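This is input-v6.cif (mmCIF, C-alpha atoms).
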```cif
data_work
loop_
_atom_site.label_atom_id
_atom_site.label_comp_id
_atom_site.auth_asym_id
_atom_site.auth_seq_id
_atom_site.Cartn_x
_atom_site.Cartn_y
_atom_site.Cartn_z
CA MET P 950 0.00 0.00 0.00
CA ASP P 951 1.39 3.41 -0.93
CA GLU P 952 1.22 6.57 1.12
CA LYS P 953 -1.53 8.11 -1.04
CA ARG P 954 -3.82 5.17 -0.43
CA LEU P 955 -3.09 5.32 3.29
CA ASP P 956 -3.95 9.02 3.35
CA GLU P 957 -7.21 8.22 1.59
CA ILE P 958 -8.08 5.63 4.25
CA ILE P 959 -7.23 8.04 7.07
CA SER P 960 -9.37 10.74 5.43
CA ARG P 961 -12.42 8.46 5.66
CA TYR P 962 -12.38 9.04 9.41
CA ASP P 963 -12.63 12.65 10.48
CA TYR P 964 -13.27 11.99 14.14
CA PRO P 965 -9.89 11.92 15.88
CA SER P 966 -10.73 9.55 18.71
CA GLY P 967 -12.05 6.10 18.02
CA ARG P 968 -10.84 6.03 14.43
CA ILE P 969 -7.78 3.85 14.96
CA LEU P 970 -9.61 0.53 14.73
CA GLY P 971 -11.50 1.70 11.65
CA ILE P 972 -8.29 2.63 9.86
CA LEU P 973 -6.57 -0.61 10.84
CA ARG P 974 -9.62 -2.59 9.69
CA ASP P 975 -9.63 -0.89 6.29
CA ILE P 976 -5.93 -1.63 5.82
CA GLN P 977 -6.42 -5.26 6.86
CA VAL P 978 -9.37 -5.69 4.47
CA SER P 979 -7.63 -4.07 1.51
CA GLU P 980 -4.19 -5.68 1.97
CA GLY P 981 -5.00 -8.88 3.79
CA TYR P 982 -2.39 -7.97 6.37
CA ILE P 983 -0.75 -4.94 7.99
CA GLU P 984 2.83 -4.38 6.99
CA LYS P 985 5.33 -3.32 9.62
CA ASP P 986 6.50 -0.14 7.87
CA LEU P 987 2.92 0.81 7.07
CA LEU P 988 2.03 0.57 10.75
CA ARG P 989 4.96 2.83 11.60
CA LEU P 990 3.92 5.32 8.90
CA LEU P 991 0.32 5.29 10.14
CA ALA P 992 1.49 5.94 13.69
CA GLU P 993 3.41 8.97 12.48
CA LYS P 994 0.47 10.29 10.47
CA ILE P 995 -2.20 9.99 13.14
CA GLU P 996 0.22 10.87 15.96
CA VAL P 997 -0.34 7.76 18.02
CA PRO P 998 2.60 5.79 19.48
CA VAL P 999 3.52 2.70 17.45
CA SER P 1000 3.37 0.73 20.70
CA ARG P 1001 -0.35 1.46 20.95
CA LEU P 1002 -1.06 0.38 17.36
CA TYR P 1003 1.07 -2.74 17.76
CA GLY P 1004 -0.82 -3.58 20.94
CA LEU P 1005 -4.17 -3.34 19.11
CA VAL P 1006 -2.98 -5.35 16.12
CA THR P 1007 -1.66 -8.17 18.31
CA PHE P 1008 -4.76 -8.07 20.54
CA TYR P 1009 -7.43 -8.69 17.89
CA SER P 1010 -7.23 -11.95 15.97
CA PHE P 1011 -8.80 -10.10 13.02
CA PHE P 1012 -5.50 -8.39 12.23
CA SER P 1013 -2.49 -10.08 10.71
CA LEU P 1014 1.07 -8.81 10.56
CA GLN P 1015 2.21 -11.36 8.01
CA PRO P 1016 1.18 -11.59 4.34
CA VAL P 1017 -1.67 -14.00 3.76
CA GLY P 1018 -2.22 -16.50 0.96
CA ARG P 1019 -4.84 -16.33 -1.80
CA HIS P 1020 -7.40 -18.32 0.16
CA ILE P 1021 -7.90 -17.98 3.88
CA ILE P 1022 -8.99 -21.04 5.80
CA THR P 1023 -10.34 -20.21 9.22
CA LEU P 1024 -10.67 -23.15 11.55
CA CYS P 1025 -12.99 -22.85 14.51
CA MET P 1026 -11.37 -23.87 17.77
CA GLY P 1027 -14.25 -22.97 20.07
CA THR P 1028 -15.18 -25.46 22.77
CA PRO P 1029 -17.83 -27.45 20.80
CA CYS P 1030 -15.62 -27.66 17.69
CA HIS P 1031 -12.69 -28.66 19.86
CA VAL P 1032 -14.75 -31.44 21.41
CA LYS P 1033 -15.93 -32.56 17.98
CA GLY P 1034 -12.37 -32.97 16.73
CA ALA P 1035 -11.06 -29.59 15.52
CA ARG P 1036 -7.54 -30.68 16.52
CA THR P 1037 -7.72 -33.59 14.06
CA ILE P 1038 -9.03 -31.25 11.37
CA LEU P 1039 -6.10 -28.92 11.99
CA ALA P 1040 -3.63 -31.82 11.85
CA THR P 1041 -5.19 -32.95 8.54
CA LEU P 1042 -4.98 -29.44 7.09
CA GLU P 1043 -1.36 -29.13 8.17
CA ASP P 1044 -0.63 -32.53 6.66
CA LEU P 1045 -2.36 -31.91 3.32
CA LEU P 1046 -1.02 -28.38 2.86
CA GLY P 1047 2.44 -29.16 4.18
CA ILE P 1048 2.43 -26.40 6.79
CA LYS P 1049 3.24 -26.07 10.45
CA GLY P 1050 1.83 -23.12 12.33
CA GLU P 1051 2.88 -21.57 15.56
CA GLU P 1052 0.62 -20.75 18.43
CA GLU P 1053 3.21 -19.14 20.66
CA SER P 1054 1.65 -15.72 20.91
CA GLY P 1055 -1.88 -17.10 21.09
CA LYS P 1056 -2.50 -16.58 17.39
CA TYR P 1057 -2.19 -19.52 15.01
CA PHE P 1058 -0.93 -18.59 11.57
CA ALA P 1059 0.48 -20.64 8.70
CA THR P 1060 0.78 -20.02 4.95
CA THR P 1061 1.66 -22.57 2.28
CA ALA P 1062 4.95 -22.21 0.38
CA ASP P 1063 3.09 -21.44 -2.89
CA ASN P 1064 1.10 -18.66 -1.13
CA GLN P 1065 -2.23 -20.26 -2.04
CA PHE P 1066 -3.59 -21.00 1.43
CA THR P 1067 -3.35 -19.43 4.87
CA VAL P 1068 -4.71 -21.28 7.87
CA VAL P 1069 -5.80 -19.32 10.92
CA ILE P 1070 -7.77 -20.23 14.02
CA ALA P 1071 -10.90 -18.52 15.32
CA ARG P 1072 -12.49 -19.02 18.70
CA CYS P 1073 -16.14 -19.38 17.71
CA PHE P 1074 -18.22 -18.73 14.59
CA GLY P 1075 -21.50 -19.15 16.43
CA ALA P 1076 -22.22 -22.17 14.22
CA CYS P 1077 -21.72 -24.70 17.00
CA SER P 1078 -24.67 -26.84 15.88
CA MET P 1079 -22.67 -27.75 12.76
CA SER P 1080 -19.39 -28.33 14.59
CA PRO P 1081 -16.66 -28.80 13.68
CA VAL P 1082 -16.71 -25.92 11.22
CA ILE P 1083 -14.19 -24.33 8.89
CA GLN P 1084 -14.56 -21.25 6.76
CA ILE P 1085 -12.78 -20.68 3.45
CA ASP P 1086 -12.94 -17.17 1.96
CA GLY P 1087 -16.21 -16.53 3.78
CA ASN P 1088 -17.88 -19.86 2.84
CA LEU P 1089 -18.83 -21.95 5.82
CA TYR P 1090 -18.40 -25.75 5.91
CA GLY P 1091 -20.04 -27.68 8.73
CA TYR P 1092 -19.80 -31.27 10.02
CA VAL P 1093 -16.26 -31.42 8.66
CA THR P 1094 -14.35 -34.68 8.91
CA PRO P 1095 -10.74 -35.30 7.87
CA GLU P 1096 -12.07 -37.36 4.91
CA LYS P 1097 -14.08 -34.42 3.55
CA ILE P 1098 -11.19 -31.96 3.57
CA PRO P 1099 -9.42 -32.93 0.29
CA GLU P 1100 -12.70 -32.50 -1.57
CA ILE P 1101 -13.37 -29.10 0.00
CA LEU P 1102 -9.83 -27.91 -0.72
CA ALA P 1103 -10.04 -29.15 -4.32
CA GLY P 1104 -12.77 -26.55 -4.84
CA TYR P 1105 -10.13 -23.89 -4.21
CA GLY P 1106 -7.53 -25.23 -6.58
CA TRP P 1107 -5.76 -27.62 -4.24
CA HIS P 1108 -4.48 -30.92 -5.60
CA PRO P 1109 -2.38 -33.60 -3.93
CA MET J 470 -3.36 16.46 48.87
CA ASP J 471 -5.96 19.09 48.12
CA THR J 472 -5.86 21.49 51.07
CA THR J 473 -8.86 23.51 49.96
CA GLY J 474 -11.35 20.70 50.61
CA HIS J 475 -13.33 20.20 53.79
CA THR J 476 -11.99 18.03 56.53
CA VAL J 477 -14.28 15.09 57.17
CA THR J 478 -14.30 12.27 59.65
CA ILE J 479 -14.24 8.73 58.31
CA THR J 480 -14.28 5.37 60.03
CA ILE J 481 -11.73 2.70 59.19
CA ASN J 482 -11.96 -0.57 61.13
CA LYS J 483 -14.18 1.12 63.77
CA ASN J 484 -11.60 3.87 64.41
CA GLN J 485 -12.16 7.50 63.47
CA TYR J 486 -9.76 9.41 61.24
CA GLN J 487 -9.61 12.90 59.80
CA ALA J 488 -9.26 13.22 56.05
CA VAL J 489 -9.84 15.76 53.31
CA GLU J 490 -12.98 15.33 51.27
CA GLY J 491 -12.18 13.85 47.84
CA GLU J 492 -8.88 12.36 48.95
CA ILE J 493 -8.14 8.83 47.83
CA LEU J 494 -8.88 6.31 50.56
CA LEU J 495 -5.65 4.39 50.04
CA GLU J 496 -3.66 7.60 50.64
CA VAL J 497 -5.45 8.13 53.95
CA ALA J 498 -4.79 4.54 54.98
CA ARG J 499 -1.10 4.88 54.13
CA ARG J 500 -0.84 8.08 56.14
CA GLU J 501 -2.56 6.50 59.13
CA LYS J 502 -0.36 3.39 58.86
CA ILE J 503 -3.29 1.10 58.15
CA ASP J 504 -1.96 -1.78 56.12
CA ILE J 505 -3.71 -2.30 52.78
CA PRO J 506 -1.56 -4.30 50.35
CA HIS J 507 -1.33 -2.79 46.89
CA LEU J 508 0.82 -2.99 43.76
CA CYS J 509 -0.49 -0.69 41.05
CA TYR J 510 -1.19 2.53 42.95
CA GLU J 511 0.83 5.56 41.87
CA SER J 512 -0.18 8.97 43.20
CA SER J 513 1.00 10.85 40.10
CA LEU J 514 -1.43 8.94 37.88
CA SER J 515 -5.22 8.84 37.90
CA PRO J 516 -6.84 6.05 39.96
CA TYR J 517 -6.88 2.83 38.00
CA GLY J 518 -7.63 -0.21 40.18
CA ALA J 519 -5.69 -2.76 38.12
CA CYS J 520 -4.08 -5.03 40.70
CA ARG J 521 -7.22 -5.54 42.83
CA LEU J 522 -5.12 -6.19 45.94
CA CYS J 523 -6.30 -3.10 47.83
CA MET J 524 -9.84 -4.48 48.02
CA VAL J 525 -11.73 -3.26 51.09
CA GLU J 526 -15.34 -3.30 52.25
CA VAL J 527 -17.41 -0.14 52.22
CA VAL J 528 -20.27 -0.14 54.74
CA THR J 529 -23.44 1.63 53.67
CA CYS J 530 -26.62 1.36 55.77
CA GLY J 531 -25.35 -1.78 57.43
CA LYS J 532 -24.60 -3.50 54.14
CA THR J 533 -21.07 -4.06 52.87
CA GLU J 534 -19.74 -3.82 49.37
CA MET J 535 -16.25 -4.73 48.12
CA THR J 536 -14.30 -2.18 46.19
CA THR J 537 -10.70 -1.09 45.59
CA ALA J 538 -9.32 1.43 48.09
CA CYS J 539 -7.35 3.22 45.37
CA THR J 540 -10.52 4.24 43.52
CA VAL J 541 -12.65 5.30 46.50
CA ARG J 542 -12.74 8.99 47.30
CA VAL J 543 -13.26 10.05 50.88
CA HIS J 544 -16.56 11.68 51.86
CA ARG J 545 -18.34 12.48 55.10
CA GLY J 546 -19.28 9.43 57.15
CA LEU J 547 -17.45 6.91 54.95
CA GLU J 548 -17.10 3.62 56.77
CA ILE J 549 -14.47 1.08 55.72
CA LEU J 550 -13.41 -2.37 56.87
CA THR J 551 -10.01 -3.52 55.67
CA ASP J 552 -9.54 -6.93 57.25
CA THR J 553 -12.82 -8.84 57.11
CA PRO J 554 -12.69 -12.58 56.35
CA ASP J 555 -14.11 -11.87 52.88
CA VAL J 556 -11.40 -9.34 52.08
CA ILE J 557 -8.66 -11.65 53.34
CA ARG J 558 -9.99 -14.58 51.33
CA HIS J 559 -10.06 -12.38 48.25
CA ARG J 560 -6.46 -11.26 48.79
CA LYS J 561 -5.26 -14.82 49.32
CA ILE J 562 -6.72 -15.98 46.00
CA LEU J 563 -5.24 -12.96 44.24
CA LEU J 564 -1.83 -13.63 45.75
CA GLU J 565 -2.01 -17.22 44.54
CA LEU J 566 -2.80 -15.95 41.06
CA TYR J 567 0.10 -13.51 41.25
CA LEU J 568 2.44 -16.31 42.34
CA ALA J 569 1.52 -18.09 39.12
CA GLU J 570 1.78 -14.96 36.99
CA ALA J 571 5.10 -13.74 38.38
CA PRO J 572 6.78 -16.80 39.93
CA HIS J 573 10.16 -15.10 40.28
CA SER J 574 9.00 -11.97 42.06
CA ASP J 575 10.34 -11.64 45.60
CA VAL J 576 7.93 -8.78 46.27
CA ILE J 577 4.96 -11.04 45.53
CA LYS J 578 6.44 -13.93 47.51
CA ALA J 579 6.97 -11.71 50.57
CA MET J 580 3.45 -10.31 50.30
CA ALA J 581 1.97 -13.78 49.94
CA ILE J 582 3.84 -15.15 52.96
CA ARG J 583 2.31 -12.45 55.13
CA TYR J 584 -1.08 -13.92 54.24
CA GLY J 585 0.14 -17.47 54.74
CA VAL J 586 0.16 -18.17 50.99
CA THR J 587 3.27 -20.15 50.05
CA LYS J 588 2.00 -22.24 47.15
CA THR J 589 -0.22 -21.68 44.16
CA ARG J 590 -2.84 -24.03 42.74
CA PHE J 591 -2.56 -22.34 39.37
CA LEU J 592 -0.25 -23.17 36.50
CA LYS J 593 2.94 -21.15 36.90
CA LYS J 594 4.03 -19.09 33.95
CA ILE J 595 7.04 -20.48 32.13
CA VAL J 596 9.61 -17.74 32.19
CA THR J 597 12.79 -18.85 30.42
CA GLY J 598 14.40 -15.89 28.69
CA ASP J 599 11.67 -13.49 29.84
CA PRO J 600 13.02 -9.93 29.51
CA LEU J 601 10.88 -9.08 32.54
CA LEU J 602 12.52 -11.84 34.59
CA GLY J 603 9.28 -13.62 35.48
CA ARG J 604 8.33 -10.76 37.76
CA CYS J 605 5.80 -8.79 35.70
CA VAL J 606 2.22 -8.76 37.02
CA LEU J 607 0.88 -6.75 34.05
CA CYS J 608 -0.39 -3.93 36.24
CA GLY J 609 0.36 -1.51 33.41
CA LEU J 610 2.05 1.16 35.53
CA CYS J 611 5.11 1.31 33.27
CA VAL J 612 2.92 1.62 30.17
CA ARG J 613 0.93 4.41 31.79
CA VAL J 614 3.87 6.48 33.05
CA CYS J 615 5.59 6.15 29.68
CA ASN J 616 2.44 7.41 27.95
CA GLU J 617 0.91 9.83 30.40
CA ILE J 618 3.89 11.30 32.23
CA MET J 619 6.83 11.01 29.84
CA GLY J 620 4.73 11.23 26.67
CA ALA J 621 7.04 8.76 24.94
CA GLY J 622 4.68 5.80 24.49
CA ALA J 623 7.67 3.54 23.93
CA ILE J 624 6.08 0.43 25.40
CA GLY J 625 2.68 -1.18 25.38
CA PHE J 626 0.77 -4.37 25.97
CA VAL J 627 1.37 -7.00 23.31
CA ASN J 628 -0.91 -9.98 22.52
CA ARG J 629 -3.77 -10.85 24.85
CA GLY J 630 -5.06 -13.17 27.51
CA PRO J 631 -2.44 -15.51 28.96
CA TYR J 632 0.02 -14.44 26.23
CA THR J 633 -0.02 -10.76 27.19
CA ILE J 634 3.36 -9.16 27.77
CA VAL J 635 4.65 -5.61 28.03
CA SER J 636 7.19 -4.78 25.36
CA THR J 637 8.22 -2.48 22.52
CA PRO J 638 6.50 -2.62 19.10
CA PHE J 639 7.54 -5.70 17.08
CA LEU J 640 9.67 -6.63 20.10
CA GLU J 641 12.44 -4.54 18.54
CA GLU J 642 14.64 -1.73 19.79
CA ASN J 643 12.50 1.39 20.01
CA PRO J 644 13.99 4.83 19.35
CA ALA J 645 10.94 6.39 21.07
CA CYS J 646 12.39 5.20 24.41
CA MET J 647 14.27 8.05 26.07
CA GLY J 648 15.96 5.81 28.62
CA CYS J 649 14.59 7.88 31.49
CA GLY J 650 13.93 4.81 33.64
CA THR J 651 10.60 6.06 35.00
CA CYS J 652 9.12 2.65 34.14
CA ALA J 653 11.68 0.89 36.33
CA ALA J 654 11.18 3.42 39.13
CA VAL J 655 7.42 2.78 39.35
CA CYS J 656 7.48 -0.99 38.75
CA PRO J 657 6.11 -2.57 41.95
CA THR J 658 7.86 -5.89 41.37
CA HIS J 659 11.24 -4.58 40.12
CA ALA J 660 10.80 -6.43 36.84
CA ILE J 661 12.41 -3.89 34.52
CA GLY J 662 16.12 -4.26 33.86
CA ILE J 663 18.33 -1.32 32.91
CA GLU J 664 22.06 -1.62 32.40
CA ASP J 665 24.44 1.33 32.26
CA THR J 666 27.57 0.48 30.31
CA GLY J 667 29.11 3.97 30.31
CA GLU J 668 28.41 5.65 27.00
CA LYS J 669 25.22 3.64 26.49
CA ARG J 670 22.25 2.75 28.65
CA ILE J 671 20.73 -0.58 27.61
CA MET J 672 17.03 -1.10 28.32
CA ARG J 673 17.23 -4.87 28.82
CA SER J 674 13.50 -5.36 29.26
CA TRP J 675 12.57 -3.22 26.28
CA SER J 676 14.16 -5.36 23.59
CA GLY J 677 17.63 -4.11 24.50
CA THR J 678 16.99 -0.57 23.27
CA PRO J 679 20.28 1.36 23.51
CA VAL J 680 20.16 4.99 24.68
CA GLU J 681 23.06 7.40 24.33
CA MET J 682 24.36 8.95 27.56
CA ILE J 683 25.77 12.43 28.04
CA ARG J 684 28.90 13.36 29.95
CA CYS J 685 29.26 15.97 32.64
CA ALA J 686 30.85 19.11 31.20
CA GLY J 687 32.96 19.40 34.34
CA CYS J 688 34.31 16.00 35.31
CA GLY J 689 33.43 13.98 32.21
CA GLY J 690 31.43 11.33 34.07
CA TYR J 691 28.23 9.97 32.53
CA ILE J 692 25.24 11.79 33.99
CA GLY J 693 22.12 10.75 32.12
CA PRO J 694 20.43 9.79 28.87
CA LYS J 695 20.79 12.27 26.01
CA PRO J 696 17.13 12.09 24.83
CA VAL J 697 15.94 13.09 28.32
CA MET J 698 18.21 16.14 28.25
CA GLU J 699 16.96 17.10 24.78
CA TYR J 700 13.35 16.59 25.89
CA ALA J 701 13.90 18.79 28.94
CA ARG J 702 15.48 21.52 26.80
CA SER J 703 12.55 21.48 24.37
CA ARG J 704 10.03 21.84 27.19
CA ILE J 705 11.48 24.78 29.12
CA ASP J 706 11.81 28.49 28.43
CA PRO J 707 14.44 29.06 25.64
CA VAL J 708 16.48 31.40 27.87
CA MET J 709 16.57 28.83 30.62
CA ALA J 710 17.36 26.11 28.08
CA GLU J 711 20.47 28.04 27.10
CA GLU J 712 21.58 28.31 30.70
CA LEU J 713 20.92 24.64 31.32
CA GLN J 714 24.31 23.07 31.72
CA GLU J 715 25.18 19.47 31.42
CA LEU J 716 26.72 19.04 34.85
CA CYS J 717 26.66 16.27 37.41
CA PRO J 718 25.36 17.22 40.89
CA ALA J 719 28.90 17.41 42.35
CA CYS J 720 30.23 19.73 39.61
CA ARG J 721 27.09 21.85 39.78
CA ARG J 722 27.61 22.32 43.51
CA LYS J 723 31.21 23.34 42.92
CA GLN J 724 30.16 25.85 40.30
CA VAL J 725 27.43 27.37 42.47
CA THR J 726 29.69 27.77 45.51
CA ARG J 727 32.57 29.23 43.53
#
```
Step by step, read the file and then write its structure as structure tokens.
Amino acid sequence: MDEKRLDEIISRYDYPSGRILGILRDIQVSEGYIEKDLLRLLAEKIEVPVSRLYGLVTFYSFFSLQPVGRHIITLCMGTPCHVKGARTILATLEDLLGIKGEEESGKYFATTADNQFTVVIARCFGACSMSPVIQIDGNLYGYVTPEKIPEILAGYGWHP
Amino acid sequence: MDTTGHTVTITINKNQYQAVEGEILLEVARREKIDIPHLCYESSLSPYGACRLCMVEVVTCGKTEMTTACTVRVHRGLEILTDTPDVIRHRKILLELYLAEAPHSDVIKAMAIRYGVTKTRFLKKIVTGDPLLGRCVLCGLCVRVCNEIMGAGAIGFVNRGPYTIVSTPFLEENPACMGCGTCAAVCPTHAIGIEDTGEKRIMRSWSGTPVEMIRCAGCGGYIGPKPVMEYARSRIDPVMAEELQELCPACRRKQVTR
């Protein structure tokens, strides 16, 4: 994202307080992630310490500091999904896509080498009746089993 | 203390004390040597109530209500109990939680022992390589003084829930840090490490941020961080800024008495 585009996003919010999350959201939506230097530039422009912006970005799971792949797979790890085998689903996804994510900071994040898929974890979609659930680019898949995953992924251009 | 307010009488543990209306209850208790344990209270900042240790009971019409002493303002007829079984039970649980959160803090350990708490039922935080030495209780005092008093905003909370830490953005050296050390001065558990190596001050807890030091114009000894000096100069009257000399206290004394 260039400076002009950033200025345009900032100009959407004229109210000085309470605009930070709006601006960060717009950057996240348009870029898929928030680049380090962009965050520093934004801090300078809106005169907010970088530490504050970094705190917000690491607090909300909605924001990502790393580039994301073409398709985003969000795996629900809420209690019902967990009980219904979300861990196995995650292991299957990691296996099929050849990735290994880290959950050190409380956020799971992994992108495939070819930049096609990013796997992230959410806490609850509110679709517990269909657990375990995954979401790919906004499409929800319920009652997922490890056997169903290759077929679902194939719909997004994945092949073994 | 606001001396313009009215003097009122309040009751703490059935004893009567004089206090100024609007004063913070914890301040009154400290003055009167009534022991209320606390970690996050700092008189130069606005009341916050983060650590929850200063919990007391407020009596109104015979009913009691628990609240933090650092957020209660004194008014006429205020009645407080500081050592009821409920309050003590509350503090014991909190101290157990703090033992798990900051397992290496001697301040917490000493506080806990006074309440007979020597062990914790909770999972202790794993603290290998923690820049805050396993002593941080996340009270946020350092973050607040850095923001509100120094205006630097060099540090902040990172991540959330059990993964929350206090650090610099991207966990990298932060040029916004002036090396003033206010954070370390207010830290109730002495978690913040600062190392003076001569020409540099290294903020060990803040991702090893190096800060340049200035020398005394008289004796040549290192007297303080350069950014703090520059900040001070920018904030005072330009005439005074010109007169401001970079001298250590000993050399300044010599110069004044000459």
Got a sec to resolve the PyMOL selection byres ((chain J) within 7 of (chain P)) on this structure and send the residues as a ChimeraX atom specification? /J:622-629,632,637-638
Report as a ChimeraX atom specification the full result of the PyMOL selection byres ((chain J and resi 494) around 7) when it is applied to this structure. /J:492-493,495-498,538-539,541-543
Evaluated on this file, the PyMOL selection byres ((chain J and resi 482) around 12) picks out some residues - which ones are they, written as a count of residues only? 23
Best match for closeness to P:Glu984 among J:Phe639, J:Tyr567, J:Tyr691, J:Ala621, counting all atoms listed in the file: J:Phe639
Please report the interatomic distance between atom CA of P:Leu955 and atom CA of P:Phe1011 in Å with one decimal.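 Interatomic distance here is 19.1 Å.
Computed from the coordinates, the atom CA of P:Ile1022 to atom CA of P:Leu1102 distance equals 9.5 Å.
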Distance atom CA of P:Asp1063-atom CA of P:Gly1018, one decimal place?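 Those two atoms sit 8.2 Å apart.
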Name all residues at most 7 Å from J:Arg673 (count only C-alpha atoms; drop same-chain ones fewer than 5 positions away) and give them as number ranges by chain. J: 600, 662-664
Skip J:Leu568 itself and residues of its chain fewer than 3 positions away, then list as a list of chain:residue names all residues within 8 Å of it, counting all atoms listed in the file.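 In the requested format, the answer is J:Leu564, J:Glu565, J:Ala571, J:Pro572, J:Ser574, J:Ile577, J:Lys578, J:Lys588, J:Thr589, J:Lys593.
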Using all atoms listed in the file, which protein or nucleic acid residues come within 10 Å of P:Thr1067? Drop anything in the same chain fewer than 6 positions from it, and give the result as an mmCIF file with C-alpha atoms, in the frame of the given file.
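And here is the file that came out, around_1.cif:
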```cif
data_model
loop_
_atom_site.group_PDB
_atom_site.id
_atom_site.type_symbol
_atom_site.label_atom_id
_atom_site.label_comp_id
_atom_site.auth_asym_id
_atom_site.auth_seq_id
_atom_site.Cartn_x
_atom_site.Cartn_y
_atom_site.Cartn_z
ATOM 1 C CA PRO P 1016 1.180 -11.590 4.340
ATOM 2 C CA VAL P 1017 -1.670 -14.000 3.760
ATOM 3 C CA GLY P 1018 -2.220 -16.500 0.960
ATOM 4 C CA ARG P 1019 -4.840 -16.330 -1.800
ATOM 5 C CA HIS P 1020 -7.400 -18.320 0.160
ATOM 6 C CA ILE P 1021 -7.900 -17.980 3.880
ATOM 7 C CA ILE P 1022 -8.990 -21.040 5.800
ATOM 8 C CA THR P 1023 -10.340 -20.210 9.220
ATOM 9 C CA LEU P 1046 -1.020 -28.380 2.860
ATOM 10 C CA ILE P 1048 2.430 -26.400 6.790
ATOM 11 C CA GLY P 1050 1.830 -23.120 12.330
ATOM 12 C CA PHE P 1058 -0.930 -18.590 11.570
ATOM 13 C CA ALA P 1059 0.480 -20.640 8.700
ATOM 14 C CA THR P 1060 0.780 -20.020 4.950
ATOM 15 C CA THR P 1061 1.660 -22.570 2.280
ATOM 16 C CA ILE P 1085 -12.780 -20.680 3.450
#
```
Which residues, written as a PDB file with C-alpha atoms, in the frame of the given file, have at least one atom at most 9 Å from P:Pro1081, with all atoms listed in the file counted and residues fewer than 4 positions away on the same chain left out?
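Once written, result28.pdb looks like this:
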```pdb
ATOM      1  CA  LEU P1024     -10.670 -23.150  11.550  1.00  0.00           C
ATOM      2  CA  CYS P1025     -12.990 -22.850  14.510  1.00  0.00           C
ATOM      3  CA  MET P1026     -11.370 -23.870  17.770  1.00  0.00           C
ATOM      4  CA  GLY P1027     -14.250 -22.970  20.070  1.00  0.00           C
ATOM      5  CA  PRO P1029     -17.830 -27.450  20.800  1.00  0.00           C
ATOM      6  CA  CYS P1030     -15.620 -27.660  17.690  1.00  0.00           C
ATOM      7  CA  HIS P1031     -12.690 -28.660  19.860  1.00  0.00           C
ATOM      8  CA  VAL P1032     -14.750 -31.440  21.410  1.00  0.00           C
ATOM      9  CA  LYS P1033     -15.930 -32.560  17.980  1.00  0.00           C
ATOM     10  CA  GLY P1034     -12.370 -32.970  16.730  1.00  0.00           C
ATOM     11  CA  ALA P1035     -11.060 -29.590  15.520  1.00  0.00           C
ATOM     12  CA  ILE P1038      -9.030 -31.250  11.370  1.00  0.00           C
ATOM     13  CA  ALA P1076     -22.220 -22.170  14.220  1.00  0.00           C
ATOM     14  CA  CYS P1077     -21.720 -24.700  17.000  1.00  0.00           C
ATOM     15  CA  TYR P1090     -18.400 -25.750   5.910  1.00  0.00           C
ATOM     16  CA  GLY P1091     -20.040 -27.680   8.730  1.00  0.00           C
ATOM     17  CA  TYR P1092     -19.800 -31.270  10.020  1.00  0.00           C
ATOM     18  CA  VAL P1093     -16.260 -31.420   8.660  1.00  0.00           C
ATOM     19  CA  THR P1094     -14.350 -34.680   8.910  1.00  0.00           C
TER      20      THR P1094
END
```
Using all atoms listed in the file, determine which residues lie at most 9 Å from J:Cys605, disregarding the query and same-chain residues fewer than 4 positions distant; provide the list as a short mmCIF file (atom, residue, chain, number, x, y, z; two decimals) with C-alpha atoms, in the coordinates of the input.
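Result saved to around22.cif:
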```
data_model
loop_
_atom_site.label_atom_id
_atom_site.label_comp_id
_atom_site.auth_asym_id
_atom_site.auth_seq_id
_atom_site.Cartn_x
_atom_site.Cartn_y
_atom_site.Cartn_z
CA GLU J 570 1.78 -14.96 36.99
CA ALA J 571 5.10 -13.74 38.38
CA HIS J 573 10.16 -15.10 40.28
CA SER J 574 9.00 -11.97 42.06
CA LEU J 601 10.88 -9.08 32.54
CA ILE J 634 3.36 -9.16 27.77
CA VAL J 635 4.65 -5.61 28.03
CA CYS J 656 7.48 -0.99 38.75
CA PRO J 657 6.11 -2.57 41.95
CA THR J 658 7.86 -5.89 41.37
CA HIS J 659 11.24 -4.58 40.12
CA ALA J 660 10.80 -6.43 36.84
CA ILE J 661 12.41 -3.89 34.52
#
```
So that all listed atoms of stretch 534-537 of chain J fit with 3 Å spare on each side, what axis-aligned box centre and edge lengths in Å, to one decimal, would you give as AutoDock Vina command-line options?
```
--center_x -15.2 --center_y -2.9 --center_z 47.5 --size_x 15.0 --size_y 9.6 --size_z 9.8
```
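With distances restricted to all atoms listed in the file, J:Ala569 is the closest residue to J:Leu592 from J:Ala569, J:Ile683, J:Gln714, J:Gly531.
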Ranking P:Phe1012, P:Gly1047, P:Ala1040, P:Asp956 by minimum distance to P:Asn1064 and counting only C-alpha atoms, which one comes first? P:Gly1047
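Candidate residues J:Arg727, J:Glu617, J:Tyr700, J:Ala645 were compared for distance to P:Ala992, and the nearest is J:Ala645, using all atoms listed in the file.
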Using all atoms listed in the file, which residue out of P:Val1068, P:Ile969, P:Leu991, P:Ile1101 lies closest to P:Leu1089? P:Ile1101
